[in-house]
Amino acid sequence: MNDGYRPPERTKELLFNMVPTIVWVTVAAVIMFTPGPSAYDRLRDFDGLVAGALAVFAAWVTIRQMRRDDRSNDIRNEKVLRAMLRSDMLRFERMYYPQSSELADHLERLKQLPLPALVDRNSVQAWLDQAVVLERILIEIFATLHQPNWRASLDLLGGFASAKHAELVEDAKTLSEERDHTARMARTYLKNGELNIWLSLQQRTKRSEELVAFCCNGLEAVLEELEILADLYQIERTRLKRP
């Protein structure tokens, strides 16, 4: 870069500030170097030029004041915007830590949760044992999604992320209800051993597996949106544990 280089905006500013000097130097030069009997006569001959110079100067003063007002407004608006962004950033940070790590942990546990296929009575008992673990995970998911800092900052998620969050909550509720109903049915089967319960139980356990997959997808979508917002708000993600 050359030493004499000026950015375009700065060049425009310099030229604008030179307008009065250029105008008055030009007027003075014309009057001084025009032949005439006296300075008064020359001024009288160029009264139109002087009036035009005064009009240009008045316009320049007006424009300069308008530009100053615009700059003041821009600075004030920028401060307001920074304050708003700072407030949103702090809200999102309280939402992000530690809830993101907790949701990532829940996702990892859901993915690793084995829900055995039903083939005999022993597999029913094994499914019930895993259903207890599933219940604990769901309780923890609901606890995370209902934390005050999380709920108070949901408006920061935006339309798409809010929709994914709503789907996650709905899928988790449905999975919890399905798990409870299937667990009751499994206990009834272990007690009575009725064939019609066995067939319904097989269908419900498959439905539970599908809902677990839906919840995993919902958690992944919400976590991805959180990471996008973390980049937007320049939040460090070193403390976020992802599977």
# chains A, B, ... in the order shown; residues from 1 in each chain; ligands from 1
$ residues_around --residues "Arg204 of chain A" --least-positions-apart "6" --cutoff "9 Å" --atoms "only C-alpha atoms" --output "list in words"
Glu178, Arg179, His181 and Thr182 of chain A
$ write_last_selection --atoms "N, CA and C atoms" --output "PDB file, in the first residue's frame"
ATOM      1  N   GLU A 178     -45.808 -43.659  25.880  1.00  0.00           N
ATOM      2  CA  GLU A 178     -45.741 -44.989  25.268  1.00  0.00           C
ATOM      3  C   GLU A 178     -44.946 -45.948  26.152  1.00  0.00           C
ATOM      4  N   ARG A 179     -43.870 -45.462  26.726  1.00  0.00           N
ATOM      5  CA  ARG A 179     -43.058 -46.303  27.613  1.00  0.00           C
ATOM      6  C   ARG A 179     -43.862 -46.748  28.822  1.00  0.00           C
ATOM      7  N   HIS A 181     -47.159 -46.986  29.154  1.00  0.00           N
ATOM      8  CA  HIS A 181     -48.225 -47.917  28.770  1.00  0.00           C
ATOM      9  C   HIS A 181     -47.646 -49.293  28.429  1.00  0.00           C
ATOM     10  N   THR A 182     -46.534 -49.306  27.698  1.00  0.00           N
ATOM     11  CA  THR A 182     -45.922 -50.582  27.320  1.00  0.00           C
ATOM     12  C   THR A 182     -45.384 -51.313  28.536  1.00  0.00           C
TER      13      THR A 182
END
$ residues_around --residues "Leu226 of chain A" --least-positions-apart "5" --cutoff "9 Å" --atoms "only C-alpha atoms" --output "VMD selection string"
chain A and resid 96 100 157 161 221 231
$ closest_residue --among "A:Leu54, A:Leu118, A:Ala126, A:Ala213" --to "Ala172 of chain A" --atoms "only C-alpha atoms"
A:Ala213
$ closest_residue --among "A:Val19, A:Glu135, A:Arg94, A:Leu190" --to "Gln147 of chain A" --atoms "only C-alpha atoms"
A:Arg94
$ atom_distance --atom1 "atom CA of Ala183 of chain A" --atom2 "atom CA of Asp171 of chain A"
17.8 Å
$ closest_atom_pairs --of "segment 192-233 of chain A" --to "segment 138-142 of chain A" --cutoff "12 Å" --atoms "only C-alpha atoms" --output "JSON lines"
{"residue": "A:Leu211", "atom": "CA", "partner": "A:Leu138", "partner_atom": "CA", "distance": 11.8}
{"residue": "A:Val212", "atom": "CA", "partner": "A:Leu138", "partner_atom": "CA", "distance": 10.1}
{"residue": "A:Cys215", "atom": "CA", "partner": "A:Leu138", "partner_atom": "CA", "distance": 9.8}
{"residue": "A:Cys216", "atom": "CA", "partner": "A:Ile141", "partner_atom": "CA", "distance": 11.4}
{"residue": "A:Gly218", "atom": "CA", "partner": "A:Ile141", "partner_atom": "CA", "distance": 11.8}
{"residue": "A:Leu219", "atom": "CA", "partner": "A:Ile141", "partner_atom": "CA", "distance": 9.7}
$ write_last_selection --atoms "N, CA and C atoms" --output "JSON list (two decimals), in the first residue's frame"
[["chain", "number", "residue", "atom", "x", "y", "z"],
["A", 211, "LEU", "N", -39.95, -44.14, 18.42],
["A", 211, "LEU", "CA", -39.99, -42.87, 19.14],
["A", 211, "LEU", "C", -38.63, -42.50, 19.72],
["A", 212, "VAL", "N", -37.86, -43.50, 20.14],
["A", 212, "VAL", "CA", -36.50, -43.23, 20.61],
["A", 212, "VAL", "C", -35.68, -42.63, 19.47],
["A", 215, "CYS", "N", -36.67, -39.04, 18.96],
["A", 215, "CYS", "CA", -36.08, -38.17, 19.99],
["A", 215, "CYS", "C", -34.60, -37.92, 19.72],
["A", 216, "CYS", "N", -33.90, -38.95, 19.26],
["A", 216, "CYS", "CA", -32.48, -38.77, 18.92],
["A", 216, "CYS", "C", -32.32, -37.76, 17.79],
["A", 218, "GLY", "N", -34.43, -35.41, 17.02],
["A", 218, "GLY", "CA", -34.78, -34.09, 17.54],
["A", 218, "GLY", "C", -33.66, -33.47, 18.35],
["A", 219, "LEU", "N", -33.02, -34.27, 19.19],
["A", 219, "LEU", "CA", -31.90, -33.76, 19.97],
["A", 219, "LEU", "C", -30.75, -33.32, 19.07]]
$ residues_around --residues "Arg91 of chain A" --least-positions-apart "3" --cutoff "8 Å" --atoms "only C-alpha atoms" --output "list in words"
Ser87, Asp88, Arg94, Met95, Asn149 and Ser153 of chain A
$ atom_distance --atom1 "atom CA of Lys12 of chain A" --atom2 "atom CA of Ser72 of chain A"
18.8 Å
$ closest_residue --among "A:Leu199, A:Ala152, A:Ala104, A:Ala166" --to "Phe92 of chain A" --atoms "only C-alpha atoms"
A:Ala152
$ closest_residue --among "A:Asp129, A:His165, A:Gly158, A:Ala53" --to "His146 of chain A" --atoms "only C-alpha atoms"
A:His165
$ closest_residue --among "A:Thr174, A:Gln130, A:Gln125, A:Asn77" --to "Gln112 of chain A" --atoms "only C-alpha atoms"
A:Gln130
$ closest_residue --among "A:Val56, A:Leu85, A:Val119, A:Leu156" --to "Leu229 of chain A" --atoms "only C-alpha atoms"
A:Leu156
$ atom_distance --atom1 "atom CA of Arg109 of chain A" --atom2 "atom CA of Val132 of chain A"
13.1 Å
$ decode --residues "segment 48-68 of chain A" --atoms "N, CA, C and O atoms" --output "CSV table (one decimal), in the first residue's frame"
chain,number,residue,atom,x,y,z
A,48,GLY,N,-22.9,38.9,-8.0
A,48,GLY,CA,-23.6,37.6,-8.3
A,48,GLY,C,-22.7,36.4,-7.9
A,48,GLY,O,-23.2,35.4,-7.4
A,49,LEU,N,-21.4,36.6,-8.2
A,49,LEU,CA,-20.5,35.5,-7.9
A,49,LEU,C,-20.4,35.3,-6.4
A,49,LEU,O,-20.4,34.2,-5.9
A,50,VAL,N,-20.3,36.5,-5.7
A,50,VAL,CA,-20.2,36.4,-4.2
A,50,VAL,C,-21.5,35.8,-3.6
A,50,VAL,O,-21.4,35.0,-2.7
A,51,ALA,N,-22.6,36.2,-4.2
A,51,ALA,CA,-23.9,35.6,-3.7
A,51,ALA,C,-24.0,34.1,-3.9
A,51,ALA,O,-24.4,33.4,-3.1
A,52,GLY,N,-23.5,33.7,-5.1
A,52,GLY,CA,-23.5,32.3,-5.4
A,52,GLY,C,-22.5,31.5,-4.4
A,52,GLY,O,-22.8,30.4,-4.0
A,53,ALA,N,-21.4,32.2,-4.1
A,53,ALA,CA,-20.4,31.5,-3.2
A,53,ALA,C,-21.0,31.4,-1.8
A,53,ALA,O,-20.9,30.4,-1.1
A,54,LEU,N,-21.8,32.5,-1.4
A,54,LEU,CA,-22.4,32.4,-0.1
A,54,LEU,C,-23.5,31.3,-0.1
A,54,LEU,O,-23.7,30.6,1.0
A,55,ALA,N,-24.2,31.1,-1.2
A,55,ALA,CA,-25.2,30.1,-1.2
A,55,ALA,C,-24.6,28.7,-1.1
A,55,ALA,O,-25.1,27.8,-0.4
A,56,VAL,N,-23.5,28.6,-1.9
A,56,VAL,CA,-22.7,27.3,-1.8
A,56,VAL,C,-22.2,27.0,-0.4
A,56,VAL,O,-22.3,25.9,0.1
A,57,PHE,N,-21.7,28.1,0.3
A,57,PHE,CA,-21.2,27.9,1.6
A,57,PHE,C,-22.3,27.5,2.6
A,57,PHE,O,-22.2,26.7,3.5
A,58,ALA,N,-23.5,28.2,2.4
A,58,ALA,CA,-24.6,27.9,3.3
A,58,ALA,C,-25.1,26.5,3.1
A,58,ALA,O,-25.4,25.7,4.1
A,59,ALA,N,-25.1,26.0,1.8
A,59,ALA,CA,-25.5,24.6,1.6
A,59,ALA,C,-24.5,23.7,2.2
A,59,ALA,O,-24.8,22.6,2.7
A,60,TRP,N,-23.2,24.0,2.1
A,60,TRP,CA,-22.1,23.2,2.7
A,60,TRP,C,-22.3,23.0,4.2
A,60,TRP,O,-22.2,22.0,4.7
A,61,VAL,N,-22.6,24.2,4.8
A,61,VAL,CA,-22.8,24.2,6.3
A,61,VAL,C,-24.0,23.3,6.7
A,61,VAL,O,-23.9,22.5,7.6
A,62,THR,N,-25.1,23.4,5.9
A,62,THR,CA,-26.3,22.6,6.1
A,62,THR,C,-26.0,21.1,6.0
A,62,THR,O,-26.3,20.3,6.8
A,63,ILE,N,-25.3,20.7,4.9
A,63,ILE,CA,-24.9,19.3,4.6
A,63,ILE,C,-24.0,18.8,5.7
A,63,ILE,O,-24.2,17.7,6.2
A,64,ARG,N,-23.0,19.6,6.1
A,64,ARG,CA,-22.1,19.2,7.2
A,64,ARG,C,-22.9,18.9,8.5
A,64,ARG,O,-22.6,17.9,9.1
A,65,GLN,N,-23.8,19.7,8.8
A,65,GLN,CA,-24.6,19.5,10.0
A,65,GLN,C,-25.4,18.2,9.9
A,65,GLN,O,-25.6,17.5,10.9
A,66,MET,N,-26.0,18.1,8.7
A,66,MET,CA,-26.8,16.8,8.5
A,66,MET,C,-26.0,15.6,8.6
A,66,MET,O,-26.4,14.6,9.2
A,67,ARG,N,-24.8,15.7,8.1
A,67,ARG,CA,-23.9,14.5,8.2
A,67,ARG,C,-23.4,14.2,9.6
A,67,ARG,O,-23.3,13.1,10.0
A,68,ARG,N,-23.2,15.3,10.3
A,68,ARG,CA,-22.9,15.1,11.7
A,68,ARG,C,-24.0,14.5,12.5
A,68,ARG,O,-23.8,13.6,13.4
